[in-house]
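A.B. asks: Got a file for you: work14.csv, CSV, C-alpha atoms and all ligand atoms.
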chain,number,residue,atom,x,y,z
A,24,MET,CA,-34.8,9.4,-6.0
A,25,GLU,CA,-32.6,7.7,-3.4
A,26,LYS,CA,-29.3,6.5,-4.8
A,27,VAL,CA,-28.9,2.8,-3.7
A,28,TYR,CA,-25.8,1.9,-5.6
A,29,GLU,CA,-22.9,3.8,-7.0
A,30,ARG,CA,-19.5,3.0,-8.6
A,31,THR,CA,-16.7,2.5,-6.1
A,32,LYS,CA,-14.2,5.3,-5.8
A,33,GLY,CA,-11.5,2.5,-6.1
A,34,ILE,CA,-12.1,2.5,-9.9
A,35,GLN,CA,-11.4,5.5,-12.1
A,36,GLU,CA,-14.6,7.3,-13.1
A,37,ASP,CA,-14.0,7.4,-16.9
A,38,LYS,CA,-12.9,3.8,-17.4
A,39,VAL,CA,-14.8,0.8,-18.8
A,40,SER,CA,-13.4,-2.7,-18.5
A,41,GLY,CA,-11.1,-3.9,-21.2
A,42,PHE,CA,-11.1,-7.5,-19.9
A,43,CYS,CA,-12.7,-10.1,-22.2
A,44,PRO,CA,-16.4,-10.7,-22.0
A,45,GLY,CA,-17.2,-13.2,-19.2
A,46,CYS,CA,-13.9,-12.6,-17.5
A,47,MET,CA,-14.1,-12.2,-13.7
A,48,HIS,CA,-11.2,-9.7,-13.4
A,49,SER,CA,-13.6,-6.8,-13.6
A,50,THR,CA,-15.8,-8.2,-10.8
A,51,ILE,CA,-12.8,-8.7,-8.6
A,52,ALA,CA,-11.4,-5.2,-9.3
A,53,LYS,CA,-14.8,-3.8,-8.3
A,54,LEU,CA,-14.9,-5.9,-5.1
A,55,ILE,CA,-11.4,-4.8,-4.1
A,56,GLY,CA,-12.3,-1.1,-4.7
A,57,GLU,CA,-15.4,-1.4,-2.6
A,58,VAL,CA,-13.5,-3.0,0.2
A,59,LEU,CA,-10.7,-0.4,0.2
A,60,GLU,CA,-13.3,2.3,0.2
A,61,GLU,CA,-15.3,0.8,3.0
A,62,LEU,CA,-12.2,0.4,5.1
A,63,ASP,CA,-11.3,4.1,4.2
A,64,VAL,CA,-7.8,3.2,3.1
A,65,LEU,CA,-7.9,4.2,-0.6
A,66,ASP,CA,-5.5,7.1,0.0
A,67,ARG,CA,-2.8,4.9,1.5
A,68,THR,CA,-3.2,1.8,-0.7
A,69,VAL,CA,-0.5,0.5,-3.1
A,70,LEU,CA,-1.2,-2.2,-5.5
A,71,VAL,CA,1.6,-4.4,-6.9
A,72,GLU,CA,0.4,-6.0,-10.1
A,73,GLY,CA,1.8,-9.2,-11.5
A,74,VAL,CA,2.5,-9.6,-15.2
A,75,GLY,CA,-0.3,-10.9,-17.4
A,76,CYS,CA,-4.0,-10.0,-17.5
A,77,CYS,CA,-3.6,-9.1,-13.8
A,78,GLY,CA,-1.4,-6.3,-14.8
A,79,LEU,CA,-4.2,-4.6,-16.7
A,80,LEU,CA,-5.6,-3.6,-13.4
A,81,MET,CA,-3.3,-0.6,-13.5
A,82,ASP,CA,-5.6,0.9,-16.1
A,83,TYR,CA,-8.6,1.0,-13.8
A,84,VAL,CA,-7.7,1.6,-10.2
A,85,SER,CA,-7.8,5.0,-8.7
A,86,TYR,CA,-5.0,4.5,-6.1
A,87,ASP,CA,-1.2,4.1,-6.3
A,88,ASN,CA,0.2,1.1,-8.1
A,89,THR,CA,3.3,-0.4,-9.6
A,90,CYS,CA,4.0,-3.4,-11.8
A,91,ALA,CA,6.6,-5.9,-10.5
A,92,PRO,CA,8.8,-7.9,-12.8
A,93,HIS,CA,7.2,-11.2,-13.7
A,94,GLY,CA,6.7,-13.3,-10.5
A,95,ARG,CA,8.3,-10.8,-8.2
A,96,ALA,CA,5.2,-9.1,-6.8
A,97,CYS,CA,5.6,-10.6,-3.3
A,98,ALA,CA,9.2,-9.4,-3.1
A,99,VAL,CA,8.3,-5.9,-4.3
A,100,ALA,CA,5.3,-5.8,-1.8
A,101,THR,CA,7.7,-6.9,1.0
A,102,GLY,CA,9.9,-3.9,0.2
A,103,ILE,CA,7.0,-1.4,0.0
A,104,LYS,CA,5.4,-2.7,3.3
A,105,ARG,CA,8.6,-2.9,5.3
A,106,THR,CA,9.8,0.6,4.3
A,107,ASN,CA,6.3,2.2,4.6
A,108,PRO,CA,4.4,0.2,7.3
A,109,ASP,CA,1.4,2.5,7.2
A,110,THR,CA,0.8,1.6,3.5
A,111,ILE,CA,-1.9,-0.8,2.7
A,112,CYS,CA,-0.2,-3.0,0.2
A,113,TYR,CA,-1.6,-5.9,-1.9
A,114,THR,CA,-0.4,-8.0,-4.8
A,115,TYR,CA,-2.7,-9.0,-7.6
A,116,GLN,CA,-1.4,-12.1,-9.4
A,117,GLY,CA,-2.4,-14.9,-11.7
A,118,ASP,CA,-1.5,-18.5,-11.5
A,119,GLY,CA,1.5,-18.2,-13.9
A,120,ASP,CA,2.9,-15.2,-12.0
A,121,LEU,CA,2.3,-16.4,-8.5
A,122,ALA,CA,2.7,-20.2,-8.7
A,123,ALA,CA,5.2,-20.7,-11.5
A,124,ILE,CA,7.7,-17.8,-12.0
A,125,GLY,CA,7.0,-16.3,-8.6
A,126,LEU,CA,6.7,-19.5,-6.6
A,127,GLY,CA,9.8,-18.8,-4.6
A,128,GLU,CA,8.8,-15.2,-3.8
A,129,THR,CA,5.3,-16.3,-2.8
A,130,MET,CA,6.5,-19.1,-0.5
A,131,SER,CA,9.2,-17.0,1.1
A,132,ALA,CA,6.9,-14.0,1.8
A,133,ALA,CA,4.3,-16.4,3.2
A,134,ASN,CA,6.9,-18.1,5.3
A,135,ARG,CA,8.1,-14.8,6.8
A,136,GLY,CA,4.5,-13.8,7.5
A,137,GLU,CA,4.9,-10.5,5.7
A,138,ASN,CA,2.0,-8.2,6.6
A,139,PHE,CA,0.4,-7.6,3.2
A,140,THR,CA,-2.5,-9.1,1.2
A,141,VAL,CA,-2.3,-11.3,-1.8
A,142,ILE,CA,-5.2,-11.6,-4.3
A,143,PHE,CA,-4.5,-14.7,-6.4
A,144,VAL,CA,-6.6,-15.2,-9.5
A,145,ASN,CA,-6.5,-18.8,-10.6
A,146,ASN,CA,-8.0,-19.6,-14.0
A,147,GLY,CA,-5.8,-22.6,-14.7
A,148,ILE,CA,-4.0,-21.1,-17.7
A,149,TYR,CA,-1.8,-18.4,-18.9
A,150,GLY,CA,-4.2,-15.7,-20.2
A,151,MET,CA,-2.5,-12.8,-21.7
A,152,THR,CA,0.3,-14.7,-23.3
A,153,GLY,CA,-1.9,-17.1,-25.2
A,154,GLY,CA,-3.2,-20.1,-23.2
A,155,GLN,CA,0.0,-21.9,-22.2
A,156,LEU,CA,0.0,-24.6,-19.5
A,157,ALA,CA,0.1,-23.1,-16.0
A,158,PRO,CA,0.9,-24.8,-12.6
A,159,THR,CA,-2.9,-25.0,-12.0
A,160,THR,CA,-4.0,-26.4,-15.4
A,161,LEU,CA,-6.2,-29.4,-14.8
A,162,VAL,CA,-5.1,-32.9,-15.8
A,163,GLY,CA,-6.4,-33.5,-19.4
A,164,MET,CA,-7.1,-29.7,-20.0
A,165,LYS,CA,-5.7,-28.5,-23.2
A,166,ALA,CA,-3.2,-25.6,-23.5
A,167,THR,CA,-1.2,-24.2,-26.3
A,168,THR,CA,1.9,-25.9,-24.8
A,169,ALA,CA,0.0,-29.2,-24.1
A,170,VAL,CA,-2.1,-29.6,-27.2
A,171,ASN,CA,-3.3,-33.1,-26.1
A,172,GLY,CA,-4.1,-32.0,-22.6
A,173,ARG,CA,-2.1,-32.0,-19.4
A,174,ASP,CA,-0.4,-35.3,-18.9
A,175,PRO,CA,1.0,-35.8,-15.4
A,176,LYS,CA,3.9,-38.0,-16.8
A,177,GLU,CA,5.1,-35.1,-18.9
A,178,HIS,CA,3.8,-32.0,-17.0
A,179,GLY,CA,3.2,-33.0,-13.4
A,180,TYR,CA,0.0,-32.4,-11.5
A,181,PRO,CA,-1.9,-29.2,-10.8
A,182,MET,CA,-0.5,-27.3,-7.8
A,183,HIS,CA,-2.8,-26.3,-5.0
A,184,MET,CA,-1.4,-23.1,-3.5
A,185,CYS,CA,-3.7,-22.7,-0.5
A,186,GLU,CA,-3.0,-26.3,0.5
A,187,ILE,CA,0.8,-25.8,0.0
A,188,LEU,CA,0.9,-22.5,1.9
A,189,ASN,CA,-1.1,-24.1,4.7
A,190,GLN,CA,1.9,-26.3,5.5
A,191,LEU,CA,3.8,-23.1,6.6
A,192,GLU,CA,3.6,-21.8,10.2
A,193,ALA,CA,3.4,-18.1,9.5
A,194,PRO,CA,0.4,-17.3,7.2
A,195,ALA,CA,-2.6,-15.7,9.0
A,196,TYR,CA,-5.3,-16.3,6.5
A,197,LEU,CA,-5.8,-18.5,3.5
A,198,GLU,CA,-9.2,-18.8,1.7
A,199,ARG,CA,-10.3,-20.0,-1.8
A,200,CYS,CA,-13.4,-18.4,-3.3
A,201,SER,CA,-15.0,-17.8,-6.7
A,202,CYS,CA,-17.2,-15.2,-8.4
A,203,ASN,CA,-19.4,-17.6,-10.4
A,204,THR,CA,-22.6,-16.8,-8.6
A,205,PRO,CA,-24.0,-13.8,-6.7
A,206,LYS,CA,-23.6,-15.8,-3.5
A,207,ASN,CA,-20.0,-16.6,-4.2
A,208,VAL,CA,-19.3,-13.0,-5.2
A,209,ARG,CA,-20.6,-11.9,-1.8
A,210,ALA,CA,-18.4,-14.6,-0.1
A,211,THR,CA,-15.4,-13.4,-2.1
A,212,LYS,CA,-16.0,-9.8,-1.0
A,213,ARG,CA,-16.1,-10.9,2.7
A,214,ALA,CA,-12.8,-12.8,2.2
A,215,ILE,CA,-11.1,-9.8,0.5
A,216,LYS,CA,-12.3,-7.6,3.4
A,217,LYS,CA,-11.0,-10.0,6.0
A,218,ALA,CA,-7.6,-10.2,4.2
A,219,PHE,CA,-7.3,-6.4,4.3
A,220,GLN,CA,-8.6,-6.1,7.8
A,221,ASN,CA,-5.9,-8.6,8.9
A,222,GLN,CA,-3.3,-6.3,7.4
A,223,ILE,CA,-4.7,-3.3,9.2
A,224,ASP,CA,-4.6,-5.3,12.4
A,225,GLY,CA,-1.0,-6.4,11.7
A,226,LYS,CA,-1.8,-10.1,11.6
A,227,GLY,CA,0.5,-10.9,8.8
A,228,PHE,CA,0.3,-12.7,5.4
A,229,SER,CA,-3.2,-13.2,4.1
A,230,LEU,CA,-4.0,-14.7,0.7
A,231,VAL,CA,-7.4,-15.0,-1.1
A,232,GLU,CA,-7.4,-17.4,-4.0
A,233,ILE,CA,-10.2,-16.7,-6.5
A,234,VAL,CA,-10.9,-19.5,-8.9
A,235,THR,CA,-12.1,-17.9,-12.1
A,236,SER,CA,-12.7,-18.6,-15.8
A,237,CYS,CA,-10.8,-17.6,-18.8
A,238,PRO,CA,-13.4,-18.0,-21.6
A,239,THR,CA,-11.0,-16.7,-24.2
A,240,ASN,CA,-8.2,-19.3,-23.7
A,241,TRP,CA,-10.6,-22.1,-22.5
A,242,GLY,CA,-12.3,-21.8,-25.9
A,243,MET,CA,-15.7,-21.5,-24.4
A,244,ASP,CA,-18.4,-18.9,-24.2
A,245,ALA,CA,-19.0,-17.2,-20.8
A,246,LEU,CA,-21.9,-19.5,-19.7
A,247,LYS,CA,-20.1,-22.7,-20.6
A,248,SER,CA,-17.1,-21.5,-18.7
A,249,LEU,CA,-19.2,-21.2,-15.6
A,250,ASP,CA,-20.3,-24.8,-16.0
A,251,PHE,CA,-16.7,-25.8,-16.4
A,252,LEU,CA,-15.9,-24.0,-13.1
A,253,GLU,CA,-18.6,-26.0,-11.3
A,254,GLU,CA,-18.0,-29.3,-12.9
A,255,LYS,CA,-14.2,-29.4,-13.1
A,256,MET,CA,-12.3,-26.6,-11.5
A,257,PHE,CA,-14.0,-26.7,-8.1
A,258,LYS,CA,-13.4,-30.5,-7.9
A,259,GLU,CA,-9.7,-29.9,-8.2
A,260,PHE,CA,-9.7,-26.7,-6.2
A,261,PRO,CA,-12.4,-26.9,-3.5
A,262,LEU,CA,-13.6,-23.6,-2.1
A,263,GLY,CA,-13.2,-22.9,1.6
A,264,VAL,CA,-11.1,-21.5,4.4
A,265,PHE,CA,-7.8,-23.2,4.9
A,266,ARG,CA,-6.4,-20.9,7.7
A,267,ASP,CA,-7.9,-18.2,9.8
A,268,ARG,CA,-5.8,-17.1,12.8
B,301,LIG,S1,-7.4,-13.6,-21.6
B,301,LIG,FE1,-8.6,-14.7,-20.0
B,301,LIG,S2,-7.9,-13.9,-18.0
B,301,LIG,FE2,-7.3,-12.5,-19.7
B,301,LIG,S3,-8.9,-10.9,-19.8
B,301,LIG,FE3,-9.3,-12.5,-21.3
B,301,LIG,S4,-10.7,-14.0,-20.3
B,301,LIG,FE4,-9.7,-12.7,-18.7
Show me this structure written as structure tokens.
C.D. replies:
Amino acid sequence: MEKVYERTKGIQEDKVSGFCPGCMHSTIAKLIGEVLEELDVLDRTVLVEGVGCCGLLMDYVSYDNTCAPHGRACAVATGIKRTNPDTICYTYQGDGDLAAIGLGETMSAANRGENFTVIFVNNGIYGMTGGQLAPTTLVGMKATTAVNGRDPKEHGYPMHMCEILNQLEAPAYLERCSCNTPKNVRATKRAIKKAFQNQIDGKGFSLVEIVTSCPTNWGMDALKSLDFLEEKMFKEFPLGVFRDR
């Protein structure tokens, strides 16, 4: 029988996902692995994980990786890429890591047009540490540090990283996607591939933001969290291409 699908070589053979049921990290890990395999760069890829659920990726990938101190992934990736320009380097970061603790590193690397790829997983909450308010938490959305919901007077407004980075001159590519439907999964894979191809072509800083769910900390089952994405998250974080040079 003809084999029509097989597991990507970008994920270790003997591993099963330890992410929560309904979490999209597993889908994204698979897409990245497939893209790196198709581009034939698995043997020269280095992943820099952020801290949080994103850091769990180190248990699954089959290529080199390191974990940066909280928020410092873009600084570590800068060092790796500048000292080893042939390396294909990417950061994998959540909203707390990239947009709160690591905001300075993210903005600075984007502003310098560093030639690496950023995969930014935005689920609007701190996942691993227990559901605290993140820079991307929606107004009114409950968090363990905002039990009555985000109040702009107290917590400020959600931050839109693609829109913020789009004010800078240097970034080559900024796109926001999701993995909530098969169509959007395919679109996300195309975006991830473009972001890595840009790096191979030396075009500079490329960031793919993937708006995802966190059923565990949203307090919803997997299907309800998909509705929440469509009804709430995409209204605040519209999908689309913000920059493509
Ligand atoms: S806590 Fe949230 S982000 Fe982390 S693995 Fe579970 S569902 Fe995914």
A.B. asks: Kindly provide, as AutoDock Vina command-line options, the centre and edge lengths (Å, one decimal) of an axis-aligned box around all atoms of range 226-237 of chain A given in the file, with 4 Å on each side.
C.D. replies:
--center_x -6.1 --center_y -14.8 --center_z -3.6 --size_x 21.2 --size_y 17.4 --size_z 38.4
A.B. asks: Would you list the contacts of range 60-72 of chain A as a PyMOL selection string, taking every protein, DNA or RNA residue within 7 Å and counting all atoms listed in the file, but skipping same-chain residues closer than 2 positions in sequence?
C.D. replies: chain A and resi 32-33+56-58+74+77-78+86-91+96+100+110-116
A.B. asks: Excluding same-chain residues fewer than 5 positions from Pro158 in chain A, what lies within 12 Å of it counting only C-alpha atoms, as number ranges by chain?
C.D. replies: A: 117-126, 145-149, 164, 166, 173, 175, 178-184
A.B. asks: Quick one, how far is CA of Val39 in chain A from CA of Tyr83 in chain A?
C.D. replies: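 We find that CA of Val39 in chain A and CA of Tyr83 in chain A lie 8.0 Å from each other.
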A.B. asks: Measuring between all atoms listed in the file, which one of A:Gly163, A:Gly41, A:Pro261, A:Pro194 shows the shortest distance to Gly136 in chain A?
C.D. replies: A:Pro194
A.B. asks: Go through A:Ile233, A:Ile51, A:Val99, A:Val264 one by one, measure the shortest atom-to-atom distance of each to Glu198 in chain A using only C-alpha atoms, and give the residue with the smallest value.
C.D. replies: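 Using only C-alpha atoms, the shortest distance to Glu198 in chain A belongs to A:Val264.
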A.B. asks: Here is a test: counting all atoms listed in the file, which residue of A:Arg199, A:His48, A:Arg268, A:Lys38 is nearest to ligand LIG 301 (chain B)?
C.D. replies: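 Closest to ligand LIG 301 (chain B) of all the choices is A:His48.
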